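Below is the file my_file26.txt, which contains compact mmCIF, C-alpha atoms.
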# COMPACT_ATOMS: atom_id res chain seq x y z
CA MET A 34 0.00 0.00 0.00
CA LEU A 35 1.45 3.36 -1.10
CA LYS A 36 1.54 6.35 1.22
CA GLN A 37 2.04 9.99 0.28
CA TYR A 38 4.14 12.38 2.35
CA ARG A 39 2.73 15.82 3.16
CA GLY A 40 3.95 19.00 4.75
CA THR A 41 7.43 20.17 3.75
CA MET A 42 8.34 21.39 0.28
CA THR A 43 11.13 18.81 -0.02
CA ARG A 44 8.68 15.92 0.34
CA ARG A 45 5.77 17.20 -1.73
CA PHE A 46 6.23 14.58 -4.49
CA MET A 47 7.66 11.80 -2.32
CA SER A 48 5.84 8.50 -1.82
CA GLY A 49 6.70 5.27 -0.07
CA LEU A 50 5.27 1.96 1.08
CA ASN A 51 3.24 1.54 4.26
CA TYR A 52 5.30 -1.29 5.73
CA ARG A 53 3.23 -1.41 8.92
CA GLU A 54 0.47 -3.17 7.00
CA VAL A 55 2.78 -5.93 5.71
CA LEU A 56 5.89 -6.36 7.87
CA THR A 57 5.72 -8.15 11.20
CA ALA A 58 9.33 -7.74 12.44
CA SER A 59 11.69 -4.79 12.61
CA LYS A 60 14.99 -6.62 13.24
CA PRO A 61 16.43 -9.36 10.99
CA GLU A 62 17.71 -12.77 12.07
CA LYS A 63 21.39 -12.23 12.99
CA THR A 64 22.47 -15.75 12.03
CA LEU A 65 21.30 -15.15 8.46
CA MET A 66 23.08 -11.82 7.92
CA THR A 67 26.49 -10.83 6.61
CA ILE A 68 28.04 -7.44 5.89
CA LEU A 69 27.57 -6.20 2.32
CA PRO A 70 30.86 -4.63 1.13
CA LYS A 71 30.83 -1.32 -0.69
CA ARG A 72 32.40 -1.67 -4.11
CA SER A 73 30.98 1.54 -5.62
CA GLY A 74 30.80 0.01 -9.09
CA ARG A 75 34.55 -0.79 -9.20
CA ASP A 76 36.08 -4.12 -10.20
CA ASN A 77 39.07 -5.81 -8.56
CA SER A 78 41.49 -3.48 -10.38
CA GLY A 79 39.74 -0.35 -9.13
CA HIS A 80 38.27 0.63 -12.50
CA ILE A 81 34.61 1.55 -12.92
CA SER A 82 32.74 -1.47 -14.29
CA ALA A 83 29.21 -0.31 -13.38
CA HIS A 84 28.47 3.38 -13.70
CA HIS A 85 26.39 5.63 -11.40
CA ILE A 86 26.98 3.56 -8.24
CA GLY A 87 28.43 4.72 -4.92
CA GLY A 88 27.84 6.40 -1.57
CA ARG A 89 25.03 4.27 -0.19
CA GLU A 90 24.19 3.66 3.44
CA LYS A 91 25.72 0.71 5.30
CA ARG A 92 23.82 -2.49 4.53
CA TYR A 93 23.64 -6.08 5.67
CA PHE A 94 23.04 -8.90 3.21
CA ARG A 95 20.30 -11.41 4.05
CA LEU A 96 21.06 -14.99 3.05
CA ILE A 97 18.11 -16.23 0.96
CA ASP A 98 17.31 -19.91 0.43
CA TRP A 99 17.09 -20.08 -3.37
CA ARG A 100 17.42 -23.87 -3.54
CA ARG A 101 14.52 -24.79 -1.23
CA ASP A 102 16.25 -28.13 -0.67
CA LYS A 103 14.82 -29.09 2.74
CA PHE A 104 12.63 -31.73 1.15
CA GLY A 105 9.80 -33.12 3.26
CA VAL A 106 10.57 -30.85 6.26
CA THR A 107 7.71 -28.52 7.13
CA GLY A 108 8.41 -24.93 8.07
CA ARG A 109 6.35 -22.25 9.78
CA VAL A 110 6.37 -18.58 8.75
CA VAL A 111 7.77 -16.67 11.73
CA SER A 112 7.82 -13.15 10.30
CA VAL A 113 7.67 -11.03 7.16
CA GLU A 114 10.63 -8.64 6.92
CA TYR A 115 12.08 -5.84 4.81
CA ASP A 116 15.17 -6.53 2.70
CA PRO A 117 17.13 -3.44 1.52
CA ASN A 118 18.94 -5.49 -1.14
CA ARG A 119 15.93 -6.42 -3.26
CA THR A 120 12.50 -5.11 -4.27
CA ALA A 121 10.57 -7.96 -2.66
CA ASN A 122 10.01 -8.58 1.04
CA ILE A 123 11.31 -11.77 2.64
CA ALA A 124 9.81 -14.30 5.04
CA LEU A 125 11.64 -15.99 7.91
CA ILE A 126 10.89 -19.73 8.08
CA GLN A 127 11.35 -21.86 11.20
CA TYR A 128 11.63 -25.56 10.25
CA THR A 129 10.68 -28.42 12.54
CA ASP A 130 14.33 -29.48 12.86
CA GLY A 131 15.17 -26.06 14.34
CA GLU A 132 16.84 -24.47 11.31
CA LYS A 133 15.83 -21.00 10.14
CA ARG A 134 15.93 -19.78 6.55
CA TYR A 135 14.79 -16.76 4.55
CA ILE A 136 12.66 -17.13 1.42
CA LEU A 137 11.01 -14.62 -0.89
CA HIS A 138 7.63 -13.64 0.51
CA PRO A 139 4.77 -14.75 -1.78
CA GLU A 140 1.76 -12.45 -1.85
CA GLY A 141 -0.86 -13.70 0.61
CA LEU A 142 1.44 -15.84 2.79
CA LYS A 143 0.73 -15.05 6.46
CA VAL A 144 2.57 -15.56 9.72
CA ASP A 145 2.06 -19.08 11.16
CA ASN A 146 1.29 -20.53 7.74
CA VAL A 147 3.07 -23.82 7.00
CA ILE A 148 5.15 -24.47 3.87
CA VAL A 149 7.08 -27.46 2.54
CA SER A 150 9.15 -28.38 -0.51
CA GLY A 151 9.69 -31.62 -2.39
CA GLN A 152 8.27 -34.01 -4.98
CA ASN A 153 5.15 -34.78 -2.93
CA ALA A 154 4.46 -31.24 -1.75
CA GLU A 155 0.93 -29.93 -2.14
CA VAL A 156 0.33 -27.22 -4.76
CA ALA A 157 -0.19 -24.51 -2.16
CA LEU A 158 1.05 -20.96 -1.66
CA GLY A 159 4.74 -20.86 -0.75
CA ASN A 160 5.43 -24.56 -1.43
CA ALA A 161 8.30 -25.50 -3.75
CA LEU A 162 7.96 -28.49 -6.06
CA PRO A 163 9.04 -29.63 -9.55
CA LEU A 164 7.40 -27.81 -12.45
CA ALA A 165 6.17 -31.17 -13.80
CA ASN A 166 3.96 -31.52 -10.69
CA ILE A 167 2.41 -28.05 -10.95
CA PRO A 168 -0.96 -27.77 -12.74
CA ILE A 169 -1.32 -25.75 -15.93
CA GLY A 170 -2.37 -22.16 -15.28
CA THR A 171 -0.60 -21.87 -11.92
CA ALA A 172 1.45 -18.74 -11.15
CA VAL A 173 4.99 -19.54 -9.96
CA HIS A 174 8.21 -17.71 -9.07
CA ASN A 175 11.84 -18.42 -8.08
CA ILE A 176 12.24 -20.88 -10.96
CA GLU A 177 15.32 -23.03 -11.49
CA LEU A 178 16.90 -23.29 -14.94
CA THR A 179 19.22 -26.12 -13.90
CA PRO A 180 17.97 -28.75 -11.42
CA GLY A 181 19.52 -28.27 -7.99
CA ARG A 182 21.15 -24.94 -8.77
CA GLY A 183 18.48 -22.80 -7.13
CA GLY A 184 15.99 -20.28 -8.45
CA GLN A 185 17.42 -17.92 -11.06
CA ILE A 186 14.44 -16.15 -12.64
CA ILE A 187 11.22 -14.47 -11.42
CA ARG A 188 12.62 -13.12 -8.15
CA GLY A 189 11.61 -9.44 -8.28
CA ALA A 190 8.64 -7.75 -6.61
CA GLY A 191 5.29 -8.52 -8.24
CA GLY A 192 6.81 -11.08 -10.60
CA SER A 193 5.32 -14.42 -11.62
CA ALA A 194 5.37 -16.86 -14.53
CA VAL A 195 2.46 -19.01 -15.70
CA VAL A 196 2.67 -22.72 -16.51
CA LEU A 197 1.27 -23.19 -20.03
CA ALA A 198 1.95 -26.78 -21.11
CA LYS A 199 3.93 -29.99 -20.45
CA ASP A 200 5.57 -32.23 -23.02
CA ASN A 201 8.51 -34.69 -23.23
CA GLY A 202 9.91 -33.84 -19.81
CA TYR A 203 9.77 -30.10 -20.42
CA VAL A 204 7.33 -27.48 -19.11
CA THR A 205 6.37 -24.40 -21.12
CA ILE A 206 6.17 -21.22 -19.03
CA LYS A 207 5.30 -17.64 -19.93
CA LEU A 208 7.53 -15.00 -18.35
CA PRO A 209 6.47 -11.46 -17.33
CA SER A 210 8.31 -10.06 -20.37
CA GLY A 211 6.00 -12.03 -22.67
CA GLU A 212 8.69 -14.56 -23.58
CA THR A 213 7.61 -18.20 -23.71
CA ARG A 214 10.29 -20.79 -22.98
CA LEU A 215 10.88 -24.43 -22.08
CA VAL A 216 12.22 -25.47 -18.67
CA LEU A 217 13.02 -29.00 -17.50
CA GLY A 218 10.16 -30.47 -15.50
CA ARG A 219 12.62 -31.51 -12.76
CA CYS A 220 13.40 -27.86 -11.98
CA LEU A 221 11.85 -26.51 -8.79
CA ALA A 222 9.52 -23.53 -8.66
CA THR A 223 7.65 -21.84 -5.82
CA VAL A 224 3.88 -21.46 -6.03
CA GLY A 225 2.53 -17.92 -5.90
CA VAL A 226 3.33 -14.33 -6.91
CA VAL A 227 6.18 -12.36 -5.34
CA ASP A 228 4.71 -9.66 -3.10
CA ASN A 229 5.32 -5.88 -2.96
CA ALA A 230 4.03 -5.17 -6.49
CA ASP A 231 3.52 -1.50 -5.54
CA TRP A 232 7.28 -1.04 -5.36
CA LYS A 233 7.39 0.19 -8.97
CA ASN A 234 5.02 3.07 -8.14
CA ILE A 235 7.29 4.67 -5.53
CA ASN A 236 8.42 8.25 -6.21
CA LEU A 237 11.75 8.92 -4.49
CA GLY A 238 10.90 12.62 -4.37
CA LYS A 239 14.38 14.07 -3.92
CA ALA A 240 17.98 13.48 -4.97
CA GLY A 241 19.19 12.70 -1.46
CA ARG A 242 17.03 9.62 -1.26
CA SER A 243 18.70 8.25 -4.38
CA ARG A 244 22.14 8.92 -2.92
CA HIS A 245 21.26 7.03 0.26
CA MET A 246 20.35 4.07 -1.95
CA GLY A 247 23.74 4.20 -3.67
CA ILE A 248 22.54 5.72 -6.95
CA ARG A 249 24.86 8.46 -8.25
CA PRO A 250 23.77 11.10 -10.78
CA THR A 251 23.29 10.05 -14.40
CA VAL A 252 24.47 12.55 -17.03
CA ARG A 253 23.57 12.41 -20.73
CA GLY A 254 26.40 11.29 -22.98
CA THR A 255 25.80 14.21 -25.38
CA ALA A 256 26.43 16.66 -22.52
CA GLN A 257 29.91 15.23 -21.88
CA ASN A 258 33.18 15.68 -23.71
CA PRO A 259 34.42 13.11 -26.24
CA ARG A 260 37.13 11.78 -23.94
CA THR A 261 34.51 10.89 -21.36
CA HIS A 262 31.77 9.50 -23.60
CA PRO A 263 31.49 8.50 -27.30
CA HIS A 264 28.38 10.68 -27.71
CA GLY A 265 30.21 13.82 -26.53
CA GLY A 266 31.74 16.62 -28.56
CA GLY A 267 30.54 18.75 -31.45
CA GLU A 268 29.85 22.47 -31.76
CA GLY A 269 26.97 23.49 -29.53
CA ARG A 270 24.04 21.15 -29.05
CA SER A 271 24.85 19.05 -32.07
CA GLY A 272 23.57 15.75 -30.73
CA GLU A 273 25.80 12.70 -30.78
CA GLY A 274 29.39 13.49 -31.68
CA LEU A 275 29.84 10.34 -33.77
CA LYS A 276 28.17 9.29 -37.00
CA GLN A 277 27.39 5.91 -35.48
CA PRO A 278 26.60 6.03 -31.74
CA LYS A 279 28.74 3.65 -29.71
CA THR A 280 29.04 2.41 -26.15
CA PRO A 281 31.97 3.53 -23.96
CA TRP A 282 33.71 0.34 -25.18
CA GLY A 283 33.36 1.21 -28.86
CA LYS A 284 30.55 -1.17 -29.81
CA ARG A 285 27.59 0.02 -31.83
CA ALA A 286 24.69 1.05 -29.63
CA ARG A 287 21.75 1.42 -32.01
CA GLY A 288 19.94 -1.03 -34.23
CA VAL A 289 22.20 -3.95 -33.32
CA ARG A 290 21.03 -6.98 -31.37
CA THR A 291 23.36 -7.67 -28.47
CA ARG A 292 22.32 -11.26 -27.75
CA LYS A 293 24.98 -13.81 -28.63
CA HIS A 294 24.29 -15.72 -31.86
CA GLY A 295 23.82 -19.43 -31.40
CA LYS A 296 23.51 -19.19 -27.61
CA TYR A 297 22.92 -22.56 -25.93
CA SER A 298 19.51 -21.50 -24.57
CA ASP A 299 18.08 -20.45 -27.98
CA LYS A 300 16.55 -23.90 -28.41
CA PHE A 301 14.52 -23.44 -25.21
CA ILE A 302 12.91 -20.15 -26.29
CA VAL A 303 9.58 -20.87 -27.95
CA GLN A 304 8.57 -17.24 -28.51
CA ARG A 305 10.56 -14.04 -28.01
CA ARG A 306 9.38 -11.42 -25.57
CA SER A 307 6.69 -9.03 -26.75
CA LYS A 308 7.87 -5.58 -27.83
Structure encoded using structure tokens:
Amino acid sequence: MLKQYRGTMTRRFMSGLNYREVLTASKPEKTLMTILPKRSGRDNSGHISAHHIGGREKRYFRLIDWRRDKFGVTGRVVSVEYDPNRTANIALIQYTDGEKRYILHPEGLKVDNVIVSGQNAEVALGNALPLANIPIGTAVHNIELTPGRGGQIIRGAGGSAVVLAKDNGYVTIKLPSGETRLVLGRCLATVGVVDNADWKNINLGKAGRSRHMGIRPTVRGTAQNPRTHPHGGGEGRSGEGLKQPKTPWGKRARGVRTRKHGKYSDKFIVQRRSK
């Protein structure tokens, strides 16, 4: 649920999420946290490898259970918590053997609800089971692409894929982008839709809020000089300085598909994403 800030001029456009309606705990589980180092977009040689990153607040990384490999062990939802490292909220699970783990919080999963993963798991909200055992038309998230590797796609807030068909050991799913692809039926997926769909409607409202999140200012390439950016240079506001616009690494940046030709996963894509 979105909330609007009122009063001061600096917050007149700002909006945020009303976490009191969703979250049930204010402090994370210490055994599932580790410090998140600040790299500020630099690689191991100190060069900028990701632009417009730096200066964020201190953060702790929450260890998320992407594999869901506690097969046959039931777990109870202890709390729903905020995670500063992702758009979705997370849920703390207490298993019957005493272990605690974090998972992505599916929309509608409440405290004290019970979840389980495995071949024989029921098709219920929050349960993880092979795609081959999930009925057609079911919304799923945290989907594996390689069995046992852990969920790799559909992990952002409000995201879900739909099971369309099953054939020859493969399951056809439709992704949020509109792409339809094949995934091995042995791959695990979690039933439900990732919560916090209103995240995309937040208005940060002021520059300082972006800086606290580690987002540095973004400047147009045409406003820079040619040593800094390939689009820079020219007399006055002449647009891009080059005849053919290029990336900072010299590759063409317009009208050229960047996907690798003959990529191994091409055979699994039934239909490209909708434009």
Protein/DNA/RNA residues near (25.0, 8.7, -15.5), cut 7 Å, only C-alpha atoms, as an MDAnalysis selection string
chainID A and resid 84:85 250:253
Counting only C-alpha atoms, which residues come within 7 Å of (-1.1, -18.2, -9.6), with the point read in the file's coordinates, and could you list them as a ChimeraX atom specification?
/A:171-173,224-226
Show which residues sit within 10 Å of A:Pro117, as JSON, numbers by chain. Count all atoms listed in the file, and ignore same-chain residues fewer than 6 positions away.
{"A": [92, 93, 94, 95, 246]}
Keeping only C-alpha atoms, write the selected residues as a short mmCIF file (atom, residue, chain, number, x, y, z; two decimals), in the coordinates of the input.
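Wrote out_14.cif, looks like this:
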data_model
loop_
_atom_site.label_atom_id
_atom_site.label_comp_id
_atom_site.auth_asym_id
_atom_site.auth_seq_id
_atom_site.Cartn_x
_atom_site.Cartn_y
_atom_site.Cartn_z
CA ARG A 92 23.82 -2.49 4.53
CA TYR A 93 23.64 -6.08 5.67
CA PHE A 94 23.04 -8.90 3.21
CA ARG A 95 20.30 -11.41 4.05
CA MET A 246 20.35 4.07 -1.95
#
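Nearest-residue note for A:Ile123: choosing from A:Asn229, A:Leu158, A:Ile206, A:Arg182, the minimum distance belongs to A:Asn229, counting all atoms listed in the file.
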A:Lys60 surroundings by only C-alpha atoms, 12 Å radius, close-in-sequence under 2 positions cut, as a list in words
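Once the nearby chain positions are removed, what remains is Leu56, Thr57, Ala58, Glu62, Lys63, Thr64, Leu65, Met66, Tyr93, Arg95, Ser112, Val113, Glu114, Tyr115, Asp116 and Leu125 of chain A.
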Distance in Å - atom CA of A:Arg290 versus atom CA of A:Ile187:
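Computed distance, atom CA of A:Arg290 to atom CA of A:Ile187, equals 23.5 Å.
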So that I can check the surroundings of A:Lys279, please list as a ChimeraX atom specification every protein, DNA and RNA residue that reaches within 12 Å of it, counting all atoms listed in the file and ignoring chain neighbours fewer than 4 positions away.
/A:254-255,259,262-265,273-275,283-289
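Candidate residues A:Arg214, A:Lys36, A:Lys296, A:His245 were compared for distance to A:Leu50, and the nearest is A:Lys36, using all atoms listed in the file.
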Measuring between all atoms listed in the file, which one of A:Gly191, A:Gly211, A:Gly108, A:Gly218 shows the shortest distance to A:Leu162?
A:Gly218
Expressed in Å, the length from atom CA of A:Arg89 to atom CA of A:Lys71 is 8.1 Å
Just give me the gap between atom CA of A:Ala161 and atom CA of A:Ala194 in Å, one decimal is fine.
14.1 Å
Option closest in space to A:Thr120, from A:Ala165, A:Asn77, A:Leu137, A:Ser298 [counting only C-alpha atoms]
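Selected residue with least distance to A:Thr120: A:Leu137.
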Please build the interface table for stretch 193-253 of chain A against stretch 37-47 of chain A with a cut-off of 12 Å, listing for each qualifying residue the nearest atom pair and the distance in Å to one decimal; count only C-alpha atoms, order rows by chain and increasing number, and write it as CSV.
residue,atom,partner,partner_atom,distance
A:Asn234,CA,A:Met47,CA,10.8
A:Ile235,CA,A:Met47,CA,7.8
A:Asn236,CA,A:Met47,CA,5.3
A:Leu237,CA,A:Met47,CA,5.5
A:Gly238,CA,A:Met47,CA,3.9
A:Lys239,CA,A:Thr43,CA,6.9
A:Ala240,CA,A:Thr43,CA,10.0
A:Gly241,CA,A:Thr43,CA,10.2
A:Arg242,CA,A:Met47,CA,9.7
A:Ser243,CA,A:Met47,CA,11.8
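Compared by their closest atoms to A:Gly247, and using only C-alpha atoms, the residues A:Asp228, A:Glu132, A:Asp98, A:Glu90 rank with A:Glu90 nearest.
For the choices A:Val204, A:Val227, A:Ile126, A:Leu96, the atom-to-atom distance to A:Glu140 is smallest for A:Val227 when using all atoms listed in the file.
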Would you fill out stretch 238-274 of chain A with N, CA and C atoms and return it as a short mmCIF file (atom, residue, chain, number, x, y, z; two decimals), in the coordinates of the input?
data_model
loop_
_atom_site.label_atom_id
_atom_site.label_comp_id
_atom_site.auth_asym_id
_atom_site.auth_seq_id
_atom_site.Cartn_x
_atom_site.Cartn_y
_atom_site.Cartn_z
N GLY A 238 11.23 11.27 -4.84
CA GLY A 238 10.90 12.62 -4.37
C GLY A 238 12.05 13.60 -4.31
N LYS A 239 13.26 13.14 -3.99
CA LYS A 239 14.38 14.07 -3.92
C LYS A 239 15.68 13.33 -4.21
N ALA A 240 16.71 14.08 -4.56
CA ALA A 240 17.98 13.48 -4.97
C ALA A 240 18.66 12.76 -3.81
N GLY A 241 18.51 13.29 -2.60
CA GLY A 241 19.19 12.70 -1.46
C GLY A 241 18.76 11.28 -1.18
N ARG A 242 17.51 10.98 -1.48
CA ARG A 242 17.03 9.62 -1.26
C ARG A 242 17.70 8.65 -2.22
N SER A 243 17.96 9.08 -3.42
CA SER A 243 18.70 8.25 -4.38
C SER A 243 20.13 8.01 -3.91
N ARG A 244 20.76 9.06 -3.37
CA ARG A 244 22.14 8.92 -2.92
C ARG A 244 22.25 7.96 -1.75
N HIS A 245 21.25 7.97 -0.86
CA HIS A 245 21.26 7.03 0.26
C HIS A 245 21.15 5.59 -0.24
N MET A 246 20.51 5.40 -1.39
CA MET A 246 20.35 4.07 -1.95
C MET A 246 21.56 3.65 -2.79
N GLY A 247 22.54 4.53 -2.91
CA GLY A 247 23.74 4.20 -3.67
C GLY A 247 23.66 4.52 -5.14
N ILE A 248 22.71 5.36 -5.54
CA ILE A 248 22.54 5.72 -6.95
C ILE A 248 23.16 7.11 -7.16
N ARG A 249 24.22 7.18 -7.95
CA ARG A 249 24.86 8.46 -8.25
C ARG A 249 24.20 9.11 -9.47
N PRO A 250 24.43 10.40 -9.68
CA PRO A 250 23.77 11.10 -10.78
C PRO A 250 24.11 10.52 -12.15
N THR A 251 23.12 10.51 -13.03
CA THR A 251 23.29 10.05 -14.40
C THR A 251 23.28 11.25 -15.34
N VAL A 252 24.34 11.41 -16.12
CA VAL A 252 24.47 12.55 -17.03
C VAL A 252 24.39 12.05 -18.47
N ARG A 253 23.69 12.79 -19.31
CA ARG A 253 23.57 12.41 -20.73
C ARG A 253 24.94 12.37 -21.39
N GLY A 254 25.12 11.40 -22.29
CA GLY A 254 26.40 11.29 -22.98
C GLY A 254 26.67 12.49 -23.87
N THR A 255 25.61 13.08 -24.47
CA THR A 255 25.80 14.21 -25.38
C THR A 255 26.23 15.47 -24.63
N ALA A 256 26.03 15.49 -23.31
CA ALA A 256 26.43 16.66 -22.52
C ALA A 256 27.88 16.56 -22.05
N GLN A 257 28.54 15.43 -22.33
CA GLN A 257 29.91 15.23 -21.88
C GLN A 257 30.90 15.53 -23.01
N ASN A 258 32.18 15.47 -22.67
CA ASN A 258 33.18 15.68 -23.71
C ASN A 258 33.57 14.34 -24.34
N PRO A 259 34.18 14.36 -25.52
CA PRO A 259 34.42 13.11 -26.24
C PRO A 259 35.40 12.16 -25.55
N ARG A 260 36.23 12.68 -24.66
CA ARG A 260 37.13 11.78 -23.94
C ARG A 260 36.38 10.99 -22.88
N THR A 261 35.27 11.54 -22.42
CA THR A 261 34.51 10.89 -21.36
C THR A 261 33.46 9.94 -21.91
N HIS A 262 32.87 10.30 -23.06
CA HIS A 262 31.77 9.50 -23.60
C HIS A 262 31.77 9.58 -25.12
N PRO A 263 31.50 8.48 -25.83
CA PRO A 263 31.49 8.50 -27.30
C PRO A 263 30.46 9.44 -27.90
N HIS A 264 29.40 9.78 -27.17
CA HIS A 264 28.38 10.68 -27.71
C HIS A 264 28.76 12.15 -27.54
N GLY A 265 29.85 12.44 -26.82
CA GLY A 265 30.21 13.82 -26.53
C GLY A 265 30.86 14.52 -27.70
N GLY A 266 31.07 15.83 -27.54
CA GLY A 266 31.74 16.62 -28.56
C GLY A 266 30.79 17.31 -29.50
N GLY A 267 31.35 18.00 -30.49
CA GLY A 267 30.54 18.75 -31.45
C GLY A 267 30.42 20.21 -31.05
N GLU A 268 30.04 21.04 -32.01
CA GLU A 268 29.85 22.47 -31.76
C GLU A 268 28.43 22.72 -31.28
N GLY A 269 28.31 23.21 -30.06
CA GLY A 269 26.97 23.49 -29.53
C GLY A 269 26.22 22.20 -29.25
N ARG A 270 24.90 22.32 -29.30
CA ARG A 270 24.04 21.15 -29.05
C ARG A 270 23.83 20.40 -30.36
N SER A 271 24.86 19.70 -30.76
CA SER A 271 24.85 19.05 -32.07
C SER A 271 24.41 17.60 -32.01
N GLY A 272 23.97 17.15 -30.84
CA GLY A 272 23.57 15.75 -30.73
C GLY A 272 24.78 14.86 -30.50
N GLU A 273 24.71 13.65 -30.98
CA GLU A 273 25.80 12.70 -30.78
C GLU A 273 27.02 13.12 -31.61
N GLY A 274 28.18 13.04 -30.99
CA GLY A 274 29.39 13.49 -31.68
C GLY A 274 29.85 12.56 -32.78
#
